>>> print(open('coords.cif').read())   # mmCIF, C-alpha atoms and all ligand atoms
data_run
#
loop_
_atom_site.group_PDB
_atom_site.id
_atom_site.type_symbol
_atom_site.label_atom_id
_atom_site.label_comp_id
_atom_site.auth_asym_id
_atom_site.auth_seq_id
_atom_site.Cartn_x
_atom_site.Cartn_y
_atom_site.Cartn_z
ATOM 1 C CA MET A 1 -35.512 6.723 -23.870
ATOM 2 C CA SER A 2 -33.988 9.538 -21.868
ATOM 3 C CA THR A 3 -34.600 7.619 -18.619
ATOM 4 C CA ASN A 4 -31.948 5.154 -19.795
ATOM 5 C CA THR A 5 -29.223 7.515 -18.735
ATOM 6 C CA SER A 6 -30.631 8.299 -15.290
ATOM 7 C CA LEU A 7 -28.354 7.322 -12.416
ATOM 8 C CA ARG A 8 -30.894 4.698 -11.395
ATOM 9 C CA SER A 9 -31.040 3.054 -14.833
ATOM 10 C CA LEU A 10 -27.287 3.142 -15.271
ATOM 11 C CA LEU A 11 -26.840 1.314 -11.998
ATOM 12 C CA SER A 12 -29.570 -1.220 -12.553
ATOM 13 C CA ASP A 13 -28.492 -1.900 -16.149
ATOM 14 C CA SER A 14 -24.813 -2.331 -15.292
ATOM 15 C CA ALA A 15 -23.254 -5.765 -15.609
ATOM 16 C CA LEU A 16 -20.920 -4.873 -12.723
ATOM 17 C CA PRO A 17 -21.570 -5.941 -9.124
ATOM 18 C CA GLN A 18 -23.679 -3.135 -7.610
ATOM 19 C CA ASN A 19 -21.073 -2.067 -5.053
ATOM 20 C CA GLU A 20 -18.486 -1.592 -7.811
ATOM 21 C CA ALA A 21 -20.929 0.188 -10.131
ATOM 22 C CA LYS A 22 -21.756 2.575 -7.281
ATOM 23 C CA ILE A 23 -18.101 3.395 -6.563
ATOM 24 C CA LEU A 24 -17.458 4.193 -10.237
ATOM 25 C CA LEU A 25 -20.670 6.152 -10.768
ATOM 26 C CA ALA A 26 -20.040 8.100 -7.542
ATOM 27 C CA PHE A 27 -16.608 8.964 -8.951
ATOM 28 C CA VAL A 28 -18.225 10.253 -12.167
ATOM 29 C CA ILE A 29 -20.826 12.443 -10.453
ATOM 30 C CA ASP A 30 -18.177 13.836 -8.118
ATOM 31 C CA LYS A 31 -15.943 14.728 -11.064
ATOM 32 C CA HIS A 32 -18.630 16.233 -13.268
ATOM 33 C CA TYR A 33 -21.096 17.686 -10.775
ATOM 34 C CA GLN A 34 -19.228 17.741 -7.424
ATOM 35 C CA LEU A 35 -22.060 15.654 -6.018
ATOM 36 C CA PRO A 36 -21.569 13.261 -3.080
ATOM 37 C CA ARG A 37 -22.134 9.528 -3.318
ATOM 38 C CA SER A 38 -25.505 9.922 -1.580
ATOM 39 C CA ALA A 39 -26.798 11.626 -4.737
ATOM 40 C CA LEU A 40 -26.885 8.178 -6.369
ATOM 41 C CA LEU A 41 -30.011 7.707 -4.253
ATOM 42 C CA SER A 42 -31.277 11.199 -3.536
ATOM 43 C CA ARG A 43 -31.001 12.306 -7.192
ATOM 44 C CA ASP A 44 -31.426 8.982 -8.906
ATOM 45 C CA GLU A 45 -33.572 10.499 -11.702
ATOM 46 C CA MET A 46 -30.710 12.759 -12.752
ATOM 47 C CA GLU A 47 -29.515 12.310 -16.340
ATOM 48 C CA LEU A 48 -25.800 12.365 -17.088
ATOM 49 C CA SER A 49 -24.361 14.792 -19.626
ATOM 50 C CA PRO A 50 -22.827 13.193 -22.748
ATOM 51 C CA GLU A 51 -19.294 13.725 -21.347
ATOM 52 C CA ALA A 52 -20.152 12.208 -17.981
ATOM 53 C CA LEU A 53 -21.932 9.354 -19.690
ATOM 54 C CA GLU A 54 -18.920 8.649 -21.847
ATOM 55 C CA GLN A 55 -16.664 8.561 -18.796
ATOM 56 C CA TRP A 56 -19.031 6.170 -17.041
ATOM 57 C CA ARG A 57 -19.143 3.801 -20.039
ATOM 58 C CA ASN A 58 -15.377 3.910 -20.271
ATOM 59 C CA LEU A 59 -14.834 3.122 -16.587
ATOM 60 C CA GLU A 60 -17.507 0.438 -16.645
ATOM 61 C CA SER A 61 -15.923 -1.362 -19.597
ATOM 62 C CA LYS A 62 -12.411 -1.127 -18.119
ATOM 63 C CA ARG A 63 -13.665 -2.593 -14.869
ATOM 64 C CA LEU A 64 -15.485 -5.345 -16.781
ATOM 65 C CA SER A 65 -12.166 -6.254 -18.334
ATOM 66 C CA GLY A 66 -10.591 -6.515 -14.882
ATOM 67 C CA GLU A 67 -8.812 -3.215 -14.245
ATOM 68 C CA PRO A 68 -8.547 -2.544 -10.510
ATOM 69 C CA ILE A 69 -11.051 -0.083 -9.051
ATOM 70 C CA ALA A 70 -8.229 1.731 -7.237
ATOM 71 C CA TYR A 71 -6.463 2.502 -10.533
ATOM 72 C CA LEU A 72 -9.716 3.580 -12.197
ATOM 73 C CA VAL A 73 -10.537 6.107 -9.479
ATOM 74 C CA GLY A 74 -6.852 6.848 -8.696
ATOM 75 C CA LYS A 75 -7.312 6.482 -4.975
ATOM 76 C CA ARG A 76 -7.184 3.985 -2.115
ATOM 77 C CA GLY A 77 -7.694 4.462 1.616
ATOM 78 C CA PHE A 78 -5.016 2.939 3.857
ATOM 79 C CA HIS A 79 -4.864 3.112 7.648
ATOM 80 C CA GLU A 80 -5.837 6.738 8.325
ATOM 81 C CA ILE A 81 -4.852 8.302 5.011
ATOM 82 C CA ASP A 82 -5.974 8.407 1.375
ATOM 83 C CA LEU A 83 -3.352 7.680 -1.251
ATOM 84 C CA TYR A 84 -3.148 8.475 -4.930
ATOM 85 C CA VAL A 85 -2.437 5.227 -6.778
ATOM 86 C CA ALA A 86 -1.688 4.453 -10.431
ATOM 87 C CA PRO A 87 -0.455 1.411 -12.380
ATOM 88 C CA GLY A 88 3.219 2.027 -11.387
ATOM 89 C CA VAL A 89 2.575 1.051 -7.754
ATOM 90 C CA LEU A 90 1.115 -1.811 -5.768
ATOM 91 C CA ILE A 91 -2.389 -1.086 -4.489
ATOM 92 C CA PRO A 92 -2.155 -0.866 -0.679
ATOM 93 C CA ARG A 93 -3.885 -3.801 1.053
ATOM 94 C CA PRO A 94 -5.748 -3.672 4.354
ATOM 95 C CA GLU A 95 -3.626 -6.532 5.755
ATOM 96 C CA THR A 96 -0.527 -4.347 5.393
ATOM 97 C CA GLU A 97 -1.937 -2.005 8.051
ATOM 98 C CA ILE A 98 -0.609 -4.505 10.574
ATOM 99 C CA LEU A 99 2.940 -3.301 9.775
ATOM 100 C CA VAL A 100 1.864 0.250 10.535
ATOM 101 C CA GLU A 101 0.334 -0.828 13.845
ATOM 102 C CA VAL A 102 3.459 -2.712 14.921
ATOM 103 C CA ALA A 103 5.628 0.299 14.050
ATOM 104 C CA LEU A 104 3.343 2.750 15.862
ATOM 105 C CA ARG A 105 3.407 0.624 19.029
ATOM 106 C CA GLU A 106 7.193 0.616 18.927
ATOM 107 C CA ILE A 107 7.373 4.379 18.309
ATOM 108 C CA GLN A 108 5.119 4.991 21.287
ATOM 109 C CA LYS A 109 7.444 3.004 23.547
ATOM 110 C CA LEU A 110 10.480 5.085 22.568
ATOM 111 C CA ASN A 111 10.570 8.306 24.470
ATOM 112 C CA ARG A 112 12.098 10.364 21.631
ATOM 113 C CA PRO A 113 11.504 11.066 17.932
ATOM 114 C CA ALA A 114 11.931 7.683 16.253
ATOM 115 C CA THR A 115 13.721 7.097 12.953
ATOM 116 C CA ILE A 116 11.925 4.759 10.572
ATOM 117 C CA LEU A 117 13.013 3.064 7.345
ATOM 118 C CA ASP A 118 10.392 1.768 4.872
ATOM 119 C CA LEU A 119 12.043 -0.391 2.200
ATOM 120 C CA GLY A 120 10.175 -0.628 -1.118
ATOM 121 C CA THR A 121 7.608 2.028 -0.305
ATOM 122 C CA GLY A 122 5.611 1.920 -3.574
ATOM 123 C CA SER A 123 2.837 4.529 -3.226
ATOM 124 C CA GLY A 124 4.363 5.524 0.122
ATOM 125 C CA ALA A 125 1.541 3.814 2.007
ATOM 126 C CA ILE A 126 3.427 2.469 5.036
ATOM 127 C CA ALA A 127 5.862 5.374 5.382
ATOM 128 C CA LEU A 128 3.160 8.026 5.089
ATOM 129 C CA ALA A 129 0.637 6.246 7.324
ATOM 130 C CA ILE A 130 3.313 6.075 10.046
ATOM 131 C CA ALA A 131 4.380 9.703 9.590
ATOM 132 C CA HIS A 132 0.735 10.784 9.672
ATOM 133 C CA SER A 133 -0.074 8.930 12.897
ATOM 134 C CA ALA A 134 3.250 9.551 14.668
ATOM 135 C CA PRO A 135 3.885 13.309 14.382
ATOM 136 C CA GLN A 136 7.405 13.039 15.838
ATOM 137 C CA ALA A 137 8.646 10.218 13.621
ATOM 138 C CA LEU A 138 11.292 10.821 10.945
ATOM 139 C CA VAL A 139 10.812 8.473 8.027
ATOM 140 C CA THR A 140 13.080 7.399 5.182
ATOM 141 C CA ALA A 141 11.334 5.588 2.331
ATOM 142 C CA THR A 142 13.080 3.802 -0.535
ATOM 143 C CA ASP A 143 12.125 2.248 -3.834
ATOM 144 C CA GLN A 144 14.074 1.037 -6.842
ATOM 145 C CA SER A 145 11.368 2.402 -9.143
ATOM 146 C CA PRO A 146 11.574 6.130 -10.021
ATOM 147 C CA GLU A 147 7.946 5.928 -11.124
ATOM 148 C CA ALA A 148 6.878 4.663 -7.697
ATOM 149 C CA LEU A 149 8.936 7.340 -5.927
ATOM 150 C CA ALA A 150 7.284 10.054 -8.008
ATOM 151 C CA ILE A 151 3.877 8.810 -6.846
ATOM 152 C CA ALA A 152 5.039 8.465 -3.226
ATOM 153 C CA LYS A 153 6.398 12.027 -3.257
ATOM 154 C CA MET A 154 3.130 13.310 -4.672
ATOM 155 C CA ASN A 155 1.317 11.585 -1.809
ATOM 156 C CA ALA A 156 3.720 13.049 0.770
ATOM 157 C CA LYS A 157 3.014 16.506 -0.583
ATOM 158 C CA GLN A 158 -0.730 15.960 -0.668
ATOM 159 C CA LEU A 159 -0.666 14.792 2.957
ATOM 160 C CA GLY A 160 1.580 17.646 4.153
ATOM 161 C CA LEU A 161 4.330 15.242 5.231
ATOM 162 C CA VAL A 162 7.291 16.328 3.092
ATOM 163 C CA ASP A 163 9.188 17.694 6.107
ATOM 164 C CA ARG A 164 9.350 14.347 7.879
ATOM 165 C CA VAL A 165 9.549 11.832 5.065
ATOM 166 C CA GLN A 166 12.566 11.639 2.776
ATOM 167 C CA PHE A 167 12.748 9.426 -0.283
ATOM 168 C CA SER A 168 15.692 7.626 -1.783
ATOM 169 C CA GLU A 169 16.022 5.543 -4.918
ATOM 170 C CA GLY A 170 17.788 2.194 -4.899
ATOM 171 C CA ASP A 171 17.784 -1.481 -4.230
ATOM 172 C CA TRP A 172 16.852 -2.156 -0.563
ATOM 173 C CA TYR A 173 19.633 -0.817 1.712
ATOM 174 C CA GLY A 174 21.577 0.239 -1.404
ATOM 175 C CA ALA A 175 19.277 3.264 -1.488
ATOM 176 C CA LEU A 176 20.959 4.564 1.697
ATOM 177 C CA GLU A 177 24.366 5.165 0.152
ATOM 178 C CA ASP A 178 23.846 8.928 -0.004
ATOM 179 C CA GLU A 179 26.095 10.376 2.727
ATOM 180 C CA TYR A 180 23.300 12.611 3.996
ATOM 181 C CA LEU A 181 21.016 9.718 4.812
ATOM 182 C CA SER A 182 21.208 8.009 8.173
ATOM 183 C CA THR A 183 22.082 4.368 8.047
ATOM 184 C CA GLN A 184 20.766 3.122 11.406
ATOM 185 C CA PHE A 185 17.129 3.207 12.412
ATOM 186 C CA ASP A 186 14.849 2.515 15.359
ATOM 187 C CA VAL A 187 12.398 0.661 13.129
ATOM 188 C CA ILE A 188 12.798 -0.975 9.713
ATOM 189 C CA ILE A 189 9.651 -2.011 7.944
ATOM 190 C CA SER A 190 8.977 -3.583 4.561
ATOM 191 C CA ASN A 191 6.303 -5.184 2.438
ATOM 192 C CA PRO A 192 8.588 -6.639 -0.246
ATOM 193 C CA PRO A 193 7.588 -8.704 -3.294
ATOM 194 C CA TYR A 194 7.139 -12.186 -1.816
ATOM 195 C CA ILE A 195 4.983 -14.108 -4.273
ATOM 196 C CA ALA A 196 6.867 -16.990 -5.915
ATOM 197 C CA ALA A 197 7.331 -16.891 -9.701
ATOM 198 C CA GLY A 198 4.592 -18.887 -11.396
ATOM 199 C CA ASP A 199 2.151 -18.602 -8.463
ATOM 200 C CA ARG A 200 -1.319 -18.638 -9.992
ATOM 201 C CA HIS A 201 -2.373 -15.572 -7.930
ATOM 202 C CA LEU A 202 -0.216 -13.470 -10.236
ATOM 203 C CA THR A 203 -2.632 -14.234 -13.068
ATOM 204 C CA GLU A 204 -5.767 -13.408 -11.084
ATOM 205 C CA GLY A 205 -7.749 -10.291 -10.131
ATOM 206 C CA ASP A 206 -6.019 -6.964 -9.489
ATOM 207 C CA LEU A 207 -2.566 -8.568 -9.471
ATOM 208 C CA ARG A 208 -2.664 -8.920 -13.279
ATOM 209 C CA PHE A 209 -2.532 -5.128 -13.532
ATOM 210 C CA GLU A 210 -0.019 -4.355 -10.775
ATOM 211 C CA PRO A 211 3.746 -4.021 -11.338
ATOM 212 C CA ALA A 212 5.256 -7.521 -11.276
ATOM 213 C CA SER A 213 8.338 -6.121 -9.538
ATOM 214 C CA ALA A 214 6.168 -5.172 -6.543
ATOM 215 C CA LEU A 215 4.627 -8.636 -6.298
ATOM 216 C CA THR A 216 7.221 -11.290 -7.104
ATOM 217 C CA ASP A 217 10.978 -11.700 -6.773
ATOM 218 C CA GLY A 218 10.903 -13.871 -9.879
ATOM 219 C CA GLY A 219 12.128 -16.830 -7.802
ATOM 220 C CA SER A 220 11.132 -18.664 -4.635
ATOM 221 C CA GLY A 221 9.370 -15.640 -3.136
ATOM 222 C CA LEU A 222 11.883 -15.456 -0.276
ATOM 223 C CA SER A 223 14.865 -13.724 -1.873
ATOM 224 C CA CYS A 224 13.813 -10.131 -1.103
ATOM 225 C CA LEU A 225 12.785 -11.080 2.435
ATOM 226 C CA GLU A 226 16.209 -12.653 2.828
ATOM 227 C CA ALA A 227 18.057 -9.613 1.438
ATOM 228 C CA ILE A 228 16.174 -7.325 3.816
ATOM 229 C CA ILE A 229 16.410 -9.495 6.928
ATOM 230 C CA SER A 230 20.010 -10.631 6.513
ATOM 231 C CA GLN A 231 21.307 -7.029 6.462
ATOM 232 C CA ALA A 232 18.976 -5.687 9.144
ATOM 233 C CA GLU A 233 21.518 -5.867 11.958
ATOM 234 C CA HIS A 234 23.777 -3.340 10.208
ATOM 235 C CA HIS A 235 20.941 -0.876 9.767
ATOM 236 C CA LEU A 236 19.178 -1.087 13.117
ATOM 237 C CA LYS A 237 20.154 0.810 16.220
ATOM 238 C CA PRO A 238 20.827 -1.472 19.198
ATOM 239 C CA GLY A 239 17.411 -2.619 20.440
ATOM 240 C CA GLY A 240 15.819 -1.586 17.093
ATOM 241 C CA LEU A 241 12.938 -3.493 15.538
ATOM 242 C CA ILE A 242 12.428 -4.910 12.046
ATOM 243 C CA THR A 243 9.002 -6.002 10.809
ATOM 244 C CA VAL A 244 8.272 -7.533 7.412
ATOM 245 C CA GLU A 245 5.124 -8.712 5.682
ATOM 246 C CA HIS A 246 5.191 -12.185 4.120
ATOM 247 C CA GLY A 247 2.930 -14.604 2.220
ATOM 248 C CA PHE A 248 0.370 -16.857 3.933
ATOM 249 C CA ASP A 249 2.736 -19.865 3.928
ATOM 250 C CA GLN A 250 6.046 -18.063 4.577
ATOM 251 C CA SER A 251 5.800 -17.487 8.314
ATOM 252 C CA ASP A 252 8.164 -20.323 9.360
ATOM 253 C CA ALA A 253 10.657 -19.451 6.637
ATOM 254 C CA THR A 254 10.622 -15.789 7.688
ATOM 255 C CA VAL A 255 11.140 -16.686 11.356
ATOM 256 C CA HIS A 256 14.052 -18.859 10.269
ATOM 257 C CA LEU A 257 15.602 -15.974 8.296
ATOM 258 C CA MET A 258 15.324 -13.752 11.385
ATOM 259 C CA LYS A 259 17.024 -16.345 13.613
ATOM 260 C CA ARG A 260 19.795 -16.788 11.098
ATOM 261 C CA ALA A 261 20.291 -12.998 11.013
ATOM 262 C CA ASN A 262 20.921 -13.017 14.757
ATOM 263 C CA LEU A 263 17.683 -11.173 15.597
ATOM 264 C CA GLN A 264 15.998 -11.680 18.981
ATOM 265 C CA ASP A 265 12.492 -11.451 20.437
ATOM 266 C CA ILE A 266 11.014 -12.835 17.186
ATOM 267 C CA GLN A 267 7.247 -12.502 16.947
ATOM 268 C CA VAL A 268 4.640 -13.529 14.380
ATOM 269 C CA HIS A 269 1.749 -11.113 13.829
ATOM 270 C CA GLN A 270 -1.697 -12.033 12.547
ATOM 271 C CA ASP A 271 -3.843 -9.908 10.246
ATOM 272 C CA LEU A 272 -7.531 -9.214 10.914
ATOM 273 C CA ALA A 273 -8.496 -12.424 9.113
ATOM 274 C CA GLY A 274 -6.315 -14.360 11.589
ATOM 275 C CA HIS A 275 -3.573 -15.259 9.073
ATOM 276 C CA SER A 276 0.094 -15.033 10.024
ATOM 277 C CA ARG A 277 1.076 -12.043 7.955
ATOM 278 C CA ALA A 278 4.162 -10.389 9.424
ATOM 279 C CA VAL A 279 7.211 -11.260 11.513
ATOM 280 C CA SER A 280 9.235 -8.919 13.684
ATOM 281 C CA GLY A 281 12.632 -9.270 15.325
ATOM 282 C CA ARG A 282 14.959 -7.110 17.341
ATOM 283 C CA LYS A 283 18.643 -6.295 17.299
ATOM 284 C CA LEU A 284 20.149 -7.149 20.636
ATOM 285 C CA ALA A 285 20.871 -4.154 22.847
ATOM 286 C CA PRO A 286 24.441 -4.290 24.225
HETATM 287 N N1 LIG B 301 -0.277 -8.891 -0.485
HETATM 288 C C1 LIG B 301 -0.172 -8.942 -1.900
HETATM 289 C C2 LIG B 301 -1.103 -10.033 -2.424
HETATM 290 O O1 LIG B 301 -0.939 -11.167 -2.106
HETATM 291 C C3 LIG B 301 1.242 -9.215 -2.336
HETATM 292 C C4 LIG B 301 2.103 -8.055 -2.045
HETATM 293 C C5 LIG B 301 3.530 -8.411 -1.982
HETATM 294 O O2 LIG B 301 4.053 -9.278 -2.675
HETATM 295 N N2 LIG B 301 4.189 -7.741 -1.134
HETATM 296 O O3 LIG B 301 -2.025 -9.723 -3.129
#
>>> encode(input="coords.cif", output="structure tokens", more="lines below")
Ligand code: GLN
Amino acid sequence: MSTNTSLRSLLSDSALPQNEAKILLAFVIDKHYQLPRSALLSRDEMELSPEALEQWRNLESKRLSGEPIAYLVGKRGFHEIDLYVAPGVLIPRPETEILVEVALREIQKLNRPATILDLGTGSGAIALAIAHSAPQALVTATDQSPEALAIAKMNAKQLGLVDRVQFSEGDWYGALEDEYLSTQFDVIISNPPYIAAGDRHLTEGDLRFEPASALTDGGSGLSCLEAIISQAEHHLKPGGLITVEHGFDQSDATVHLMKRANLQDIQVHQDLAGHSRAVSGRKLAP
């Protein structure tokens, strides 16, 4: 009977896919016993205490009903940092790392501390990954959600980046109205909500649990991209670069928005899976 609560039995009896069961059980043994994930194998006869067992059952049943792993363990790795995440923010996706890479390449080309604007920062993922990897960069990150900003600020603190990342609440560029904030940047970057209202993806997988306002504009999917791109010229320094993430079928539309906004040197960037995932454009230098 007692063997039923050994790590080995819990894993083999779980209805979850093994990789997910291991992530959640590793989280439990870290919390309760400060044991590393490898203990799932090296100490597989170990029995969980009643409290640890209850936490495991609770996490297992939440995951079986679809709750995202990242929310259950409160953490997600992104680029070279770990972020705290909770239901008030979008879970950072690996394909979004492409925005970070494009920004870092641009920062490297500038021979001075670059100023960066991340619009709709959510957990702070893009802003903080850039600040972490570019120690000279000065980053401004905005969000219209106070809940998201609270999480992003917590992450900035955790990562020791509060000195170089400032946060501002508001709707896209509207967040910059504070007279102490700069209004022109070397690089503007954004992963806005771009899923069209009614898209079936919104009713599938992790997306069901994420804030709708971070996923969809409630319309065609292009309205936030348009708001961000159409005003970019006013908020970029001459020669400055804007890069935005978009949906798998929005590449042409995003390029079109950039052309209409008078941006030059327009480029489409592919993610690791080879999908067009981001578009960048540049404000003409005089
Ligand atoms: N990349 C997310 C997804 O398709 C959507 C995020 C967004 O709308 N910016 O799951």
>>> closest_residue(input="coords.cif", among="A:Gln264, A:Ser145, A:Gln270, A:Gln18", to="Ala212 of chain A", atoms="all atoms listed in the file")
A:Ser145
>>> residues_near_ligand(input="coords.cif", ligand="ligand LIG 301 (chain B)", cutoff="9 Å", atoms="only C-alpha atoms and all ligand atoms", output="PyMOL selection string")
chain A and resi 90-96+190-196+201-202+206-207+212-217+221+245-248
>>> residues_near_point(input="coords.cif", point="(18.5, -7.8, 10.9)", cutoff="12 Å", atoms="all atoms listed in the file", output="PyMOL selection string")
chain A and resi 173+184-189+225-244+254-266+279-284
>>> resolve_selection(input="coords.cif", expression="the PyMOL selection byres (((chain A and resi 35-52) around 7) and not hetatm)", output="ChimeraX atom specification")
/A:5-8,26,28-30,32-34,53-56
>>> residues_around(input="coords.cif", residues="Glu169 of chain A", least_positions_apart="2", cutoff="6 Å", atoms="all atoms listed in the file", output="PyMOL selection string")
chain A and resi 142-144+175
>>> resolve_selection(input="coords.cif", expression="the PyMOL selection byres (((chain A and resi 163) around 12) and not hetatm)", output="MDAnalysis selection string")
chainID A and resid 128 131:132 135:140 153 156:157 159:162 164:167
>>> write_last_selection(input="coords.cif", atoms="C-alpha atoms", output="PDB file, in the frame of the given file")
ATOM      1  CA  LEU A 128       3.160   8.026   5.089  1.00  0.00           C
ATOM      2  CA  ALA A 131       4.380   9.703   9.590  1.00  0.00           C
ATOM      3  CA  HIS A 132       0.735  10.784   9.672  1.00  0.00           C
ATOM      4  CA  PRO A 135       3.885  13.309  14.382  1.00  0.00           C
ATOM      5  CA  GLN A 136       7.405  13.039  15.838  1.00  0.00           C
ATOM      6  CA  ALA A 137       8.646  10.218  13.621  1.00  0.00           C
ATOM      7  CA  LEU A 138      11.292  10.821  10.945  1.00  0.00           C
ATOM      8  CA  VAL A 139      10.812   8.473   8.027  1.00  0.00           C
ATOM      9  CA  THR A 140      13.080   7.399   5.182  1.00  0.00           C
ATOM     10  CA  LYS A 153       6.398  12.027  -3.257  1.00  0.00           C
ATOM     11  CA  ALA A 156       3.720  13.049   0.770  1.00  0.00           C
ATOM     12  CA  LYS A 157       3.014  16.506  -0.583  1.00  0.00           C
ATOM     13  CA  LEU A 159      -0.666  14.792   2.957  1.00  0.00           C
ATOM     14  CA  GLY A 160       1.580  17.646   4.153  1.00  0.00           C
ATOM     15  CA  LEU A 161       4.330  15.242   5.231  1.00  0.00           C
ATOM     16  CA  VAL A 162       7.291  16.328   3.092  1.00  0.00           C
ATOM     17  CA  ARG A 164       9.350  14.347   7.879  1.00  0.00           C
ATOM     18  CA  VAL A 165       9.549  11.832   5.065  1.00  0.00           C
ATOM     19  CA  GLN A 166      12.566  11.639   2.776  1.00  0.00           C
ATOM     20  CA  PHE A 167      12.748   9.426  -0.283  1.00  0.00           C
TER      21      PHE A 167
END
>>> atom_distance(input="coords.cif", atom1="atom CA of Ser182 of chain A", atom2="atom CA of Pro113 of chain A")
14.1 Å
>>> closest_residue(input="coords.cif", among="A:Asn58, A:Lys22, A:Ile151, A:Val73", to="Ser9 of chain A", atoms="all atoms listed in the file")
A:Lys22
>>> atom_distance(input="coords.cif", atom1="atom CA of Leu222 of chain A", atom2="atom CA of Gly205 of chain A")
22.6 Å
>>> atom_distance(input="coords.cif", atom1="atom CA of Ala125 of chain A", atom2="atom CA of Ala285 of chain A")
29.5 Å
>>> residues_around(input="coords.cif", residues="Phe209 of chain A", least_positions_apart="6", cutoff="10 Å", atoms="only C-alpha atoms", output="number ranges by chain")
A: 66-68, 71, 87-91, 202-203
>>> resolve_selection(input="coords.cif", expression="the PyMOL selection byres (((chain A and resi 78-84) around 7) and not hetatm)", output="ChimeraX atom specification")
/A:74-77,85-86,92,94,97,125,129,155
>>> closest_residue(input="coords.cif", among="A:Leu16, A:Ala134, A:Ala152, A:Leu99", to="Arg112 of chain A", atoms="all atoms listed in the file")
A:Ala134
>>> closest_residue(input="coords.cif", among="A:Leu72, A:Pro211, A:Ile107, A:Ala253", to="Ser123 of chain A", atoms="only C-alpha atoms")
A:Pro211
>>> closest_residue(input="coords.cif", among="A:Met154, A:Ala127, A:Leu24, A:Ile98", to="Lys62 of chain A", atoms="only C-alpha atoms")
A:Leu24
>>> closest_residue(input="coords.cif", among="A:Glu210, A:Gly198, A:Glu204, A:Ala150", to="Ala70 of chain A", atoms="all atoms listed in the file")
A:Glu210
